[in-house]
Structures are given as C-alpha cells and as structure tokens.
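Undergrad: Got a file for you: structure22.csv, CSV, C-alpha atoms.
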```csv
chain,number,residue,atom,x,y,z
A,406,MET,CA,-51.2,-31.9,73.2
A,407,GLY,CA,-48.5,-30.0,71.4
A,408,ARG,CA,-48.7,-29.1,67.7
A,409,LEU,CA,-46.1,-29.3,65.0
A,410,LEU,CA,-45.6,-26.5,62.5
A,411,VAL,CA,-43.7,-27.3,59.3
A,412,SER,CA,-42.4,-24.4,57.2
A,413,VAL,CA,-43.1,-24.9,53.5
A,414,ARG,CA,-42.0,-23.1,50.3
A,415,GLY,CA,-45.2,-23.7,48.4
A,416,PRO,CA,-48.3,-25.8,47.7
A,417,ASN,CA,-46.5,-29.1,47.1
A,418,GLU,CA,-44.6,-29.0,50.4
A,419,ALA,CA,-47.7,-27.8,52.2
A,420,LEU,CA,-49.6,-30.8,51.0
A,421,ALA,CA,-46.8,-33.1,52.1
A,422,ALA,CA,-46.8,-31.5,55.5
A,423,ALA,CA,-50.5,-31.9,55.9
A,424,GLN,CA,-50.4,-35.5,54.7
A,425,GLY,CA,-47.7,-36.3,57.2
A,426,GLY,CA,-49.8,-35.1,60.1
A,427,ALA,CA,-48.5,-31.6,60.7
A,428,HIS,CA,-50.9,-29.3,62.5
A,429,ILE,CA,-49.8,-26.0,60.8
A,430,ALA,CA,-48.3,-25.2,57.4
A,431,ASP,CA,-46.1,-22.2,57.6
A,432,VAL,CA,-45.5,-20.5,54.3
A,433,GLU,CA,-42.0,-19.0,54.0
A,434,TYR,CA,-39.0,-18.6,51.8
A,435,PRO,CA,-36.2,-20.2,53.8
A,436,ALA,CA,-33.4,-17.8,52.9
A,437,SER,CA,-33.6,-16.1,56.3
A,438,ALA,CA,-34.7,-16.7,59.9
A,439,LEU,CA,-38.4,-16.3,59.2
A,440,GLY,CA,-38.4,-16.1,55.4
A,441,THR,CA,-41.0,-13.7,54.1
A,442,PRO,CA,-43.1,-15.1,51.2
A,443,TYR,CA,-45.1,-13.5,48.5
A,444,PRO,CA,-48.8,-13.1,49.3
A,445,LEU,CA,-49.8,-15.0,46.2
A,446,ASN,CA,-47.8,-18.0,47.5
A,447,ILE,CA,-49.8,-17.9,50.7
A,448,LYS,CA,-53.0,-18.0,48.6
A,449,ALA,CA,-51.7,-20.8,46.4
A,450,VAL,CA,-51.0,-22.9,49.5
A,451,ARG,CA,-54.5,-22.2,50.8
A,452,ASP,CA,-56.0,-23.2,47.5
A,453,ARG,CA,-54.0,-26.4,47.1
A,454,LEU,CA,-54.8,-27.6,50.6
A,455,GLU,CA,-58.5,-27.0,50.2
A,456,ALA,CA,-58.5,-28.7,46.8
A,457,ASP,CA,-56.9,-31.8,48.2
A,458,GLY,CA,-59.2,-32.2,51.2
A,459,PHE,CA,-57.6,-30.1,53.8
A,460,ARG,CA,-60.2,-27.3,54.0
A,461,GLY,CA,-59.6,-25.2,57.0
A,462,PHE,CA,-56.1,-26.4,57.6
A,463,PRO,CA,-54.3,-23.8,59.7
A,464,ILE,CA,-51.8,-21.7,57.8
A,465,SER,CA,-49.2,-19.4,59.2
A,466,THR,CA,-46.7,-17.0,57.7
A,467,ASN,CA,-44.6,-14.0,58.7
A,468,ILE,CA,-43.7,-10.4,57.8
A,469,GLY,CA,-40.0,-10.7,58.3
A,470,GLU,CA,-37.4,-10.5,61.1
A,471,ASP,CA,-36.9,-6.7,61.2
A,472,GLN,CA,-39.5,-4.0,61.0
A,473,PRO,CA,-37.9,-0.7,59.8
A,474,ARG,CA,-41.2,1.2,59.8
A,475,ARG,CA,-44.4,0.9,61.9
A,476,SER,CA,-46.7,1.7,59.0
A,477,THR,CA,-45.3,-0.8,56.6
A,478,ALA,CA,-45.1,-3.5,59.2
A,479,CYS,CA,-48.8,-3.0,60.0
A,480,GLN,CA,-49.6,-3.0,56.3
A,481,ALA,CA,-47.6,-6.3,55.8
A,482,ALA,CA,-49.4,-8.0,58.7
A,483,LEU,CA,-52.8,-7.0,57.4
A,484,GLY,CA,-51.8,-8.1,53.9
A,485,VAL,CA,-50.7,-11.6,54.8
A,486,ALA,CA,-53.8,-12.1,56.9
A,487,LEU,CA,-55.9,-11.1,53.9
A,488,ALA,CA,-53.9,-13.5,51.7
A,489,GLY,CA,-55.0,-16.4,53.8
A,490,ALA,CA,-52.8,-16.7,56.9
A,491,ASP,CA,-54.5,-17.7,60.1
A,492,HIS,CA,-51.4,-17.0,62.2
A,493,VAL,CA,-49.1,-14.1,61.6
A,494,LYS,CA,-45.6,-14.1,63.0
A,495,CYS,CA,-44.0,-10.6,63.3
A,496,GLY,CA,-40.2,-10.4,63.9
A,497,LEU,CA,-39.1,-7.8,66.4
A,498,ALA,CA,-35.3,-8.1,65.9
A,499,GLY,CA,-33.3,-5.2,67.1
A,500,LEU,CA,-36.0,-3.6,69.3
A,501,ASP,CA,-35.9,-3.1,73.1
A,502,LEU,CA,-38.9,-3.9,75.2
A,503,LYS,CA,-40.3,-0.4,75.0
A,504,ALA,CA,-40.0,-0.2,71.2
A,505,ALA,CA,-41.3,-3.7,70.7
A,506,THR,CA,-44.3,-3.0,72.9
A,507,TYR,CA,-45.2,0.1,70.9
A,508,LEU,CA,-44.9,-1.6,67.6
A,509,GLY,CA,-46.5,-4.8,68.8
A,510,ARG,CA,-49.7,-3.0,70.0
A,511,ASN,CA,-50.1,-1.5,66.6
A,512,LEU,CA,-49.5,-4.8,64.8
A,513,VAL,CA,-52.2,-6.5,66.9
A,514,ARG,CA,-54.7,-3.7,66.5
A,515,SER,CA,-54.2,-3.5,62.7
A,516,VAL,CA,-54.9,-7.2,62.1
A,517,LYS,CA,-57.6,-7.7,64.8
A,518,GLU,CA,-59.6,-4.7,63.4
A,519,TRP,CA,-60.3,-6.5,60.2
A,520,PHE,CA,-59.7,-10.2,61.3
A,521,PRO,CA,-60.5,-10.6,65.0
A,522,GLN,CA,-60.2,-14.4,64.9
A,523,LYS,CA,-56.7,-14.4,63.4
A,524,LYS,CA,-53.7,-14.7,65.7
A,525,ILE,CA,-50.6,-12.6,66.1
A,526,TYR,CA,-47.2,-14.0,67.4
A,527,PRO,CA,-44.3,-11.7,67.8
A,528,ALA,CA,-41.0,-13.4,67.1
A,529,VAL,CA,-37.9,-12.6,69.3
A,530,PHE,CA,-34.4,-13.9,69.0
A,531,PRO,CA,-31.7,-15.1,71.4
A,532,GLU,CA,-28.5,-14.0,69.7
A,533,GLU,CA,-26.6,-11.5,71.9
A,534,GLU,CA,-27.1,-8.5,69.7
A,535,PHE,CA,-30.8,-8.9,70.1
A,536,SER,CA,-31.2,-10.4,73.6
A,537,LEU,CA,-29.2,-7.5,75.2
A,538,LEU,CA,-32.1,-5.3,74.1
A,539,LEU,CA,-35.0,-7.8,74.7
A,540,ASP,CA,-34.3,-11.1,76.4
A,541,PRO,CA,-36.8,-13.6,75.0
A,542,VAL,CA,-37.2,-15.6,78.3
A,543,LYS,CA,-37.0,-12.7,80.8
A,544,ASP,CA,-38.8,-10.0,78.8
A,545,GLY,CA,-41.0,-12.1,76.5
A,546,PRO,CA,-43.9,-12.6,78.9
A,547,ALA,CA,-44.1,-8.9,79.8
A,548,LEU,CA,-44.2,-8.1,76.1
A,549,VAL,CA,-47.1,-10.5,75.4
A,550,GLN,CA,-49.0,-9.1,78.4
A,551,GLU,CA,-48.6,-5.5,77.2
A,552,ILE,CA,-49.6,-5.9,73.6
A,553,ARG,CA,-52.3,-8.5,74.1
A,554,CYS,CA,-51.1,-10.8,71.3
A,555,ASP,CA,-51.9,-14.5,71.2
A,556,GLY,CA,-48.5,-15.8,72.2
A,557,LEU,CA,-44.8,-15.5,71.5
A,558,LEU,CA,-42.3,-17.3,69.2
A,559,ILE,CA,-38.6,-17.7,70.2
A,560,ASP,CA,-36.6,-18.4,67.1
A,561,THR,CA,-32.9,-18.2,66.1
A,562,TYR,CA,-32.0,-15.4,63.8
A,563,ARG,CA,-28.8,-16.8,62.3
A,564,LYS,CA,-29.3,-20.2,60.6
A,565,ASP,CA,-25.8,-20.4,59.1
A,566,ILE,CA,-23.6,-20.6,62.2
A,567,GLY,CA,-24.4,-24.1,63.4
A,568,LYS,CA,-26.2,-23.1,66.6
A,569,GLY,CA,-29.8,-24.0,67.5
A,570,LEU,CA,-32.3,-22.9,70.2
A,571,LEU,CA,-30.8,-25.3,72.7
A,572,ASP,CA,-27.4,-23.7,72.4
A,573,TYR,CA,-28.9,-20.5,73.9
A,574,PHE,CA,-31.4,-21.9,76.5
A,575,ASN,CA,-31.6,-25.0,78.6
A,576,LEU,CA,-34.8,-27.0,79.1
A,577,GLU,CA,-35.4,-25.5,82.6
A,578,GLN,CA,-35.3,-22.0,81.2
A,579,LEU,CA,-37.7,-22.9,78.4
A,580,GLU,CA,-40.1,-24.7,80.7
A,581,GLU,CA,-40.2,-21.6,82.9
A,582,PHE,CA,-40.9,-19.4,79.9
A,583,VAL,CA,-43.7,-21.7,78.7
A,584,GLY,CA,-45.2,-21.7,82.2
A,585,GLN,CA,-45.2,-17.9,82.4
A,586,LEU,CA,-47.0,-17.6,79.1
A,587,HIS,CA,-49.6,-20.2,80.1
A,588,ASP,CA,-50.2,-18.3,83.3
A,589,LEU,CA,-51.2,-15.4,81.0
A,590,GLY,CA,-53.4,-17.6,78.9
A,591,LYS,CA,-51.1,-17.3,76.0
A,592,GLU,CA,-49.2,-19.8,73.7
A,593,ALA,CA,-45.5,-20.5,73.6
A,594,TRP,CA,-43.9,-21.3,70.3
A,595,LEU,CA,-40.3,-22.5,69.9
A,596,ALA,CA,-38.1,-22.8,66.8
A,597,GLY,CA,-34.4,-22.6,65.8
A,598,SER,CA,-32.7,-25.3,63.8
A,599,LEU,CA,-34.3,-28.1,65.8
A,600,THR,CA,-33.7,-31.7,65.2
A,601,ARG,CA,-36.0,-34.7,65.7
A,602,ASP,CA,-34.0,-35.6,68.9
A,603,ASP,CA,-34.5,-32.0,70.2
A,604,LEU,CA,-38.3,-32.4,69.8
A,605,THR,CA,-38.5,-35.3,72.3
A,606,ASP,CA,-37.1,-33.1,75.1
A,607,LEU,CA,-38.8,-29.9,74.1
A,608,TRP,CA,-42.3,-31.3,74.2
A,609,GLN,CA,-41.7,-32.0,77.9
A,610,THR,CA,-41.6,-28.2,78.5
A,611,GLY,CA,-45.3,-28.0,77.7
A,612,VAL,CA,-44.7,-25.9,74.6
A,613,ASP,CA,-47.8,-25.4,72.5
A,614,VAL,CA,-46.1,-25.3,69.0
A,615,ILE,CA,-42.7,-26.5,67.8
A,616,CYS,CA,-41.7,-25.1,64.4
A,617,VAL,CA,-39.3,-27.0,62.1
A,618,ARG,CA,-38.1,-26.7,58.5
A,619,GLY,CA,-34.8,-28.6,58.0
A,620,ALA,CA,-35.8,-31.5,60.2
A,621,ALA,CA,-38.8,-32.2,57.9
A,622,CYS,CA,-36.7,-32.1,54.7
A,623,GLU,CA,-35.2,-35.1,52.8
A,624,PRO,CA,-31.6,-35.5,53.9
A,625,GLY,CA,-29.1,-34.7,51.2
A,626,ALA,CA,-31.7,-33.5,48.7
A,627,GLY,CA,-30.8,-29.8,49.1
A,628,LEU,CA,-28.8,-27.3,51.1
A,629,GLU,CA,-30.1,-27.9,54.6
A,630,ARG,CA,-33.3,-25.7,54.8
A,631,PHE,CA,-33.6,-25.9,51.0
A,632,GLY,CA,-34.3,-29.6,50.9
A,633,GLU,CA,-37.8,-30.9,50.1
A,634,VAL,CA,-40.4,-31.5,52.9
A,635,GLN,CA,-41.4,-35.2,52.9
A,636,ALA,CA,-44.6,-36.5,54.3
A,637,GLU,CA,-43.0,-39.6,55.9
A,638,ILE,CA,-40.4,-37.4,57.7
A,639,VAL,CA,-43.1,-35.2,59.0
A,640,ALA,CA,-45.0,-38.2,60.2
A,641,SER,CA,-41.9,-39.3,62.1
A,642,LEU,CA,-41.6,-35.8,63.8
A,643,VAL,CA,-45.3,-35.9,64.7
A,644,SER,CA,-44.8,-39.3,66.4
A,645,THR,CA,-42.6,-37.6,69.0
A,646,ILE,CA,-45.5,-35.6,70.4
A,647,PRO,CA,-46.6,-37.1,73.8
A,648,ARG,CA,-50.2,-38.4,73.9
A,649,ALA,CA,-52.4,-37.3,76.7
```
So that I can check it, write out the structure of this file as structure tokens.

TA:
Amino acid sequence: MGRLLVSVRGPNEALAAAQGGAHIADVEYPASALGTPYPLNIKAVRDRLEADGFRGFPISTNIGEDQPRRSTACQAALGVALAGADHVKCGLAGLDLKAATYLGRNLVRSVKEWFPQKKIYPAVFPEEEFSLLLDPVKDGPALVQEIRCDGLLIDTYRKDIGKGLLDYFNLEQLEEFVGQLHDLGKEAWLAGSLTRDDLTDLWQTGVDVICVRGAACEPGAGLERFGEVQAEIVASLVSTIPRA
C-alpha cells in the first residue's frame, strides 16, 4: 500500500498530519522546492509527535535543492539525521549523472556510517535546465543503482509557474519509472504541486510515497503552500490510497 507524506512547517502541522492519517511528516520551510528547515525545528517536530502519542512516527526532511560543495552537503545530511530525520532527501539540481553519482555515493556513505538504518533519497527535477543534464525517468534508476541509496524522489523545482509533475510526465512514463526502481528493490517517491485528483491516478503507478504540501492546506488560508495543514484535509487525501 502506498504512503502519504505531508510537508509541515513545524510541530502543530506535524501533529495535524499525523492525526489525519499521514504516514510521514516532512519538515520543511515551503519557500522553495524542498525547503530546508532548521535542525531545531526537526527536533521540535519529533518531540511534539512523541509527546502526543505518535512515538516512532516517521519524519523526513531535506538538505536543499542544490549542493554547491560535497563536504557541506555531507555535513548537512548527517546533521539532519542527527536532528531526528528518518528519511533524508538530497537535492541534486544542476548535476549530470556522473556528478550526481559521485556526490550521491558520498552522501549515502556519510549518513549510513553513523545511522545505518536511516534512509537517503536523492531528489531530481524535470525542468528542462535540469533534465537535459539528468533525466529523472531515464537516468534516475541508474543513479539509484550506482549510489546504493534507498530510492529516488522526482519533484518539481519551480513551484511558482503553475506547472506540476503531470505537466512533465504522463502516467505511463511514471509507471515505467516506478517499475524500474522496484526491480532494483528501491522505492519511488513522487511530488510536484499535486492535487487530490492527481493522487487517484498516481497511486495506480504503484508509487511507494506521494508527497504533498499545498493539497493538505486549508484553502484560502494562506498563499498556496503557506496555508495551514489541516487534519481533515489530510484524511481526505489518505482516503485516495487504494486498499490491498
């Protein structure tokens, strides 16, 4: 069965996501594609969930979309794992397959050395300036196989141009991508300005995790991704997941 990840700004939204039935609380600051948070906010989310009866609830976060230096990227990945994230997303925007493989290997090694049970998910993007260097669907499975991470996230980089994941890929392409990752024993994660209606179709690809932010927010309560996550809206999104 697929899992729903809801991106949250802090402890209150994380609790709403958990109460609504989400499977992963993703700590972020939604001003950019992935939205890098402060480590103390990750810890605050962990502490709040545990205090309110959600001990062991999976938490994810990210180290940003772009990695200007290998050393600082590895430090950041290790830091957010230490702060309490179970799943670490690492943006590889602007890298070709060779460069992404080199950096990815180092990211995976850095986190697994201290936290072997924590999981690493590179994030790749479909916009032309990125996909000309590394095509998420065509090159993504090879990247995953080479760096021995736990899966791959496809997300959109630009959230302000009115285009979502399904403006770049059709369902057949995404289903093939998911199948290739599953053949490798890895997880496929999908994101990118997705709506509730999108979820119904995307689950049919066999995707492991669908990631949302705006779709889980109260309509009209804020500027798109800066609305407030609501438990009842999360529950409605969770209800789209097909039951085995």

Undergrad: For Thr466 of chain A, please output as a VMD selection string all residues within 8 Å (counting all atoms listed in the file; exclusion window: fewer than 6 positions along the same chain).

TA: chain A and resid 431 to 433 441 to 442 447 485 490 492 to 494

Undergrad: Every residue with an atom at most 12 Å from (-42.6, -10.5, 78.1) (file coordinates; all atoms listed in the file) is what I'm after, so could you write them as a PyMOL selection string?

TA: chain A and resi 501-503+505-506+509+527-529+539-554+556-559+582-583+585-586+589+591+593

Undergrad: Please dump the current selection as a PDB file, keeping the file's coordinate frame; keep C-alpha atoms.

TA:
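To be explicit, this is the file written out as result34.pdb:
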```
ATOM      1  CA  ASP A 501     -35.900  -3.100  73.100  1.00  0.00           C
ATOM      2  CA  LEU A 502     -38.900  -3.900  75.200  1.00  0.00           C
ATOM      3  CA  LYS A 503     -40.300  -0.400  75.000  1.00  0.00           C
ATOM      4  CA  ALA A 505     -41.300  -3.700  70.700  1.00  0.00           C
ATOM      5  CA  THR A 506     -44.300  -3.000  72.900  1.00  0.00           C
ATOM      6  CA  GLY A 509     -46.500  -4.800  68.800  1.00  0.00           C
ATOM      7  CA  PRO A 527     -44.300 -11.700  67.800  1.00  0.00           C
ATOM      8  CA  ALA A 528     -41.000 -13.400  67.100  1.00  0.00           C
ATOM      9  CA  VAL A 529     -37.900 -12.600  69.300  1.00  0.00           C
ATOM     10  CA  LEU A 539     -35.000  -7.800  74.700  1.00  0.00           C
ATOM     11  CA  ASP A 540     -34.300 -11.100  76.400  1.00  0.00           C
ATOM     12  CA  PRO A 541     -36.800 -13.600  75.000  1.00  0.00           C
ATOM     13  CA  VAL A 542     -37.200 -15.600  78.300  1.00  0.00           C
ATOM     14  CA  LYS A 543     -37.000 -12.700  80.800  1.00  0.00           C
ATOM     15  CA  ASP A 544     -38.800 -10.000  78.800  1.00  0.00           C
ATOM     16  CA  GLY A 545     -41.000 -12.100  76.500  1.00  0.00           C
ATOM     17  CA  PRO A 546     -43.900 -12.600  78.900  1.00  0.00           C
ATOM     18  CA  ALA A 547     -44.100  -8.900  79.800  1.00  0.00           C
ATOM     19  CA  LEU A 548     -44.200  -8.100  76.100  1.00  0.00           C
ATOM     20  CA  VAL A 549     -47.100 -10.500  75.400  1.00  0.00           C
ATOM     21  CA  GLN A 550     -49.000  -9.100  78.400  1.00  0.00           C
ATOM     22  CA  GLU A 551     -48.600  -5.500  77.200  1.00  0.00           C
ATOM     23  CA  ILE A 552     -49.600  -5.900  73.600  1.00  0.00           C
ATOM     24  CA  ARG A 553     -52.300  -8.500  74.100  1.00  0.00           C
ATOM     25  CA  CYS A 554     -51.100 -10.800  71.300  1.00  0.00           C
ATOM     26  CA  GLY A 556     -48.500 -15.800  72.200  1.00  0.00           C
ATOM     27  CA  LEU A 557     -44.800 -15.500  71.500  1.00  0.00           C
ATOM     28  CA  LEU A 558     -42.300 -17.300  69.200  1.00  0.00           C
ATOM     29  CA  ILE A 559     -38.600 -17.700  70.200  1.00  0.00           C
ATOM     30  CA  PHE A 582     -40.900 -19.400  79.900  1.00  0.00           C
ATOM     31  CA  VAL A 583     -43.700 -21.700  78.700  1.00  0.00           C
ATOM     32  CA  GLN A 585     -45.200 -17.900  82.400  1.00  0.00           C
ATOM     33  CA  LEU A 586     -47.000 -17.600  79.100  1.00  0.00           C
ATOM     34  CA  LEU A 589     -51.200 -15.400  81.000  1.00  0.00           C
ATOM     35  CA  LYS A 591     -51.100 -17.300  76.000  1.00  0.00           C
ATOM     36  CA  ALA A 593     -45.500 -20.500  73.600  1.00  0.00           C
TER      37      ALA A 593
END
```

Undergrad: Compare A:Trp594, A:Tyr526, A:Phe631, A:Tyr562 by their minimum atom-to-atom distance to Cys616 of chain A, counting all atoms listed in the file, and give me the closest one.

TA: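 Nearest to Cys616 of chain A: A:Trp594.
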
Undergrad: As an exercise, work out the distance from atom CA of Asn446 of chain A to atom CA of Ala488 of chain A in Å and give it to one decimal place.

TA: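 So the two atoms, atom CA of Asn446 of chain A and atom CA of Ala488 of chain A, lie 8.7 Å apart.
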
Undergrad: Hey, which of A:Leu508, A:Leu571, A:Val634, A:Leu642 ends up closest to Thr605 of chain A? Count all atoms listed in the file.

TA: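 Of A:Leu508, A:Leu571, A:Val634, A:Leu642, the one nearest Thr605 of chain A, counting all atoms listed in the file, is A:Leu642.
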
Undergrad: Can you tell me how far atom CA of Glu577 of chain A sits from atom CA of Trp608 of chain A, in Å to one decimal?

TA: 12.3 Å

Undergrad: From the options A:Ile615, A:Val450, A:Leu576, A:Ala649, which residue's atoms come nearest to Ala421 of chain A, counting all atoms listed in the file?

TA: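 Among the listed residues, the smallest separation from Ala421 of chain A belongs to A:Val450.
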
Undergrad: Since the input has fewer atoms than a full residue there, write segment 554-565 of chain A out with all heavy atoms, as a PDB file, keeping the file's coordinate frame.

TA:
```pdb
ATOM      1  N   CYS A 554     -51.197  -9.876  72.420  1.00  0.00           N
ATOM      2  CA  CYS A 554     -51.100 -10.800  71.300  1.00  0.00           C
ATOM      3  C   CYS A 554     -51.550 -12.180  71.755  1.00  0.00           C
ATOM      4  O   CYS A 554     -51.981 -12.361  72.895  1.00  0.00           O
ATOM      5  CB  CYS A 554     -49.735 -10.796  70.681  1.00  0.00           C
ATOM      6  SG  CYS A 554     -48.446 -11.216  71.876  1.00  0.00           S
ATOM      7  N   ASP A 555     -51.400 -13.169  70.886  1.00  0.00           N
ATOM      8  CA  ASP A 555     -51.900 -14.500  71.200  1.00  0.00           C
ATOM      9  C   ASP A 555     -50.826 -15.449  71.749  1.00  0.00           C
ATOM     10  O   ASP A 555     -51.132 -16.545  72.219  1.00  0.00           O
ATOM     11  CB  ASP A 555     -52.528 -15.122  69.950  1.00  0.00           C
ATOM     12  CG  ASP A 555     -53.719 -14.306  69.482  1.00  0.00           C
ATOM     13  OD1 ASP A 555     -54.794 -14.448  70.080  1.00  0.00           O
ATOM     14  OD2 ASP A 555     -53.563 -13.497  68.547  1.00  0.00           O
ATOM     15  N   GLY A 556     -49.586 -15.019  71.690  1.00  0.00           N
ATOM     16  CA  GLY A 556     -48.500 -15.800  72.200  1.00  0.00           C
ATOM     17  C   GLY A 556     -47.187 -15.257  71.684  1.00  0.00           C
ATOM     18  O   GLY A 556     -47.140 -14.142  71.140  1.00  0.00           O
ATOM     19  N   LEU A 557     -46.104 -16.011  71.872  1.00  0.00           N
ATOM     20  CA  LEU A 557     -44.800 -15.500  71.500  1.00  0.00           C
ATOM     21  C   LEU A 557     -43.969 -16.669  70.910  1.00  0.00           C
ATOM     22  O   LEU A 557     -44.018 -17.811  71.395  1.00  0.00           O
ATOM     23  CB  LEU A 557     -44.058 -14.974  72.729  1.00  0.00           C
ATOM     24  CG  LEU A 557     -42.739 -14.244  72.470  1.00  0.00           C
ATOM     25  CD1 LEU A 557     -42.987 -12.928  71.751  1.00  0.00           C
ATOM     26  CD2 LEU A 557     -42.000 -13.986  73.789  1.00  0.00           C
ATOM     27  N   LEU A 558     -43.207 -16.353  69.870  1.00  0.00           N
ATOM     28  CA  LEU A 558     -42.300 -17.300  69.200  1.00  0.00           C
ATOM     29  C   LEU A 558     -40.860 -16.905  69.579  1.00  0.00           C
ATOM     30  O   LEU A 558     -40.460 -15.754  69.389  1.00  0.00           O
ATOM     31  CB  LEU A 558     -42.470 -17.273  67.721  1.00  0.00           C
ATOM     32  CG  LEU A 558     -41.365 -17.933  66.878  1.00  0.00           C
ATOM     33  CD1 LEU A 558     -41.313 -19.442  67.117  1.00  0.00           C
ATOM     34  CD2 LEU A 558     -41.554 -17.619  65.394  1.00  0.00           C
ATOM     35  N   ILE A 559     -40.091 -17.857  70.078  1.00  0.00           N
ATOM     36  CA  ILE A 559     -38.600 -17.700  70.200  1.00  0.00           C
ATOM     37  C   ILE A 559     -38.024 -18.486  69.027  1.00  0.00           C
ATOM     38  O   ILE A 559     -38.262 -19.688  68.890  1.00  0.00           O
ATOM     39  CB  ILE A 559     -38.081 -18.198  71.509  1.00  0.00           C
ATOM     40  CG1 ILE A 559     -38.694 -17.448  72.695  1.00  0.00           C
ATOM     41  CG2 ILE A 559     -36.561 -18.040  71.530  1.00  0.00           C
ATOM     42  CD1 ILE A 559     -38.173 -17.923  74.055  1.00  0.00           C
ATOM     43  N   ASP A 560     -37.242 -17.823  68.214  1.00  0.00           N
ATOM     44  CA  ASP A 560     -36.600 -18.400  67.100  1.00  0.00           C
ATOM     45  C   ASP A 560     -35.132 -17.941  67.039  1.00  0.00           C
ATOM     46  O   ASP A 560     -34.810 -16.904  67.636  1.00  0.00           O
ATOM     47  CB  ASP A 560     -37.290 -18.087  65.773  1.00  0.00           C
ATOM     48  CG  ASP A 560     -36.920 -18.987  64.604  1.00  0.00           C
ATOM     49  OD1 ASP A 560     -36.055 -19.881  64.778  1.00  0.00           O
ATOM     50  OD2 ASP A 560     -37.478 -18.794  63.518  1.00  0.00           O
ATOM     51  N   THR A 561     -34.250 -18.658  66.354  1.00  0.00           N
ATOM     52  CA  THR A 561     -32.900 -18.200  66.100  1.00  0.00           C
ATOM     53  C   THR A 561     -32.870 -17.331  64.867  1.00  0.00           C
ATOM     54  O   THR A 561     -33.542 -17.646  63.884  1.00  0.00           O
ATOM     55  CB  THR A 561     -31.895 -19.311  66.034  1.00  0.00           C
ATOM     56  OG1 THR A 561     -32.329 -20.243  65.041  1.00  0.00           O
ATOM     57  CG2 THR A 561     -31.767 -20.032  67.369  1.00  0.00           C
ATOM     58  N   TYR A 562     -32.094 -16.276  64.896  1.00  0.00           N
ATOM     59  CA  TYR A 562     -32.000 -15.400  63.800  1.00  0.00           C
ATOM     60  C   TYR A 562     -31.007 -15.883  62.722  1.00  0.00           C
ATOM     61  O   TYR A 562     -31.272 -15.819  61.528  1.00  0.00           O
ATOM     62  CB  TYR A 562     -31.564 -13.992  64.259  1.00  0.00           C
ATOM     63  CG  TYR A 562     -31.649 -12.879  63.243  1.00  0.00           C
ATOM     64  CD1 TYR A 562     -32.745 -12.022  63.232  1.00  0.00           C
ATOM     65  CD2 TYR A 562     -30.635 -12.659  62.324  1.00  0.00           C
ATOM     66  CE1 TYR A 562     -32.837 -10.978  62.321  1.00  0.00           C
ATOM     67  CE2 TYR A 562     -30.708 -11.617  61.412  1.00  0.00           C
ATOM     68  CZ  TYR A 562     -31.815 -10.787  61.410  1.00  0.00           C
ATOM     69  OH  TYR A 562     -31.889  -9.761  60.500  1.00  0.00           O
ATOM     70  N   ARG A 563     -29.888 -16.396  63.187  1.00  0.00           N
ATOM     71  CA  ARG A 563     -28.800 -16.800  62.300  1.00  0.00           C
ATOM     72  C   ARG A 563     -28.850 -18.329  62.116  1.00  0.00           C
ATOM     73  O   ARG A 563     -28.567 -19.074  63.042  1.00  0.00           O
ATOM     74  CB  ARG A 563     -27.469 -16.343  62.808  1.00  0.00           C
ATOM     75  CG  ARG A 563     -27.495 -14.860  63.172  1.00  0.00           C
ATOM     76  CD  ARG A 563     -26.139 -14.202  63.188  1.00  0.00           C
ATOM     77  NE  ARG A 563     -26.264 -12.800  63.560  1.00  0.00           N
ATOM     78  CZ  ARG A 563     -26.635 -11.839  62.736  1.00  0.00           C
ATOM     79  NH1 ARG A 563     -26.929 -12.130  61.482  1.00  0.00           N
ATOM     80  NH2 ARG A 563     -26.727 -10.581  63.150  1.00  0.00           N
ATOM     81  N   LYS A 564     -29.194 -18.750  60.907  1.00  0.00           N
ATOM     82  CA  LYS A 564     -29.300 -20.200  60.600  1.00  0.00           C
ATOM     83  C   LYS A 564     -28.061 -20.784  60.029  1.00  0.00           C
ATOM     84  O   LYS A 564     -28.035 -21.983  59.723  1.00  0.00           O
ATOM     85  CB  LYS A 564     -30.480 -20.388  59.621  1.00  0.00           C
ATOM     86  CG  LYS A 564     -31.807 -19.778  60.039  1.00  0.00           C
ATOM     87  CD  LYS A 564     -32.385 -20.413  61.272  1.00  0.00           C
ATOM     88  CE  LYS A 564     -33.775 -19.871  61.586  1.00  0.00           C
ATOM     89  NZ  LYS A 564     -34.354 -20.447  62.808  1.00  0.00           N
ATOM     90  N   ASP A 565     -27.006 -19.968  59.862  1.00  0.00           N
ATOM     91  CA  ASP A 565     -25.800 -20.400  59.100  1.00  0.00           C
ATOM     92  C   ASP A 565     -24.585 -20.542  60.023  1.00  0.00           C
ATOM     93  O   ASP A 565     -23.466 -20.621  59.514  1.00  0.00           O
ATOM     94  CB  ASP A 565     -25.529 -19.474  57.979  1.00  0.00           C
ATOM     95  CG  ASP A 565     -25.326 -18.033  58.440  1.00  0.00           C
ATOM     96  OD1 ASP A 565     -25.582 -17.753  59.617  1.00  0.00           O
ATOM     97  OD2 ASP A 565     -24.903 -17.203  57.604  1.00  0.00           O
TER      98      ASP A 565
END
```
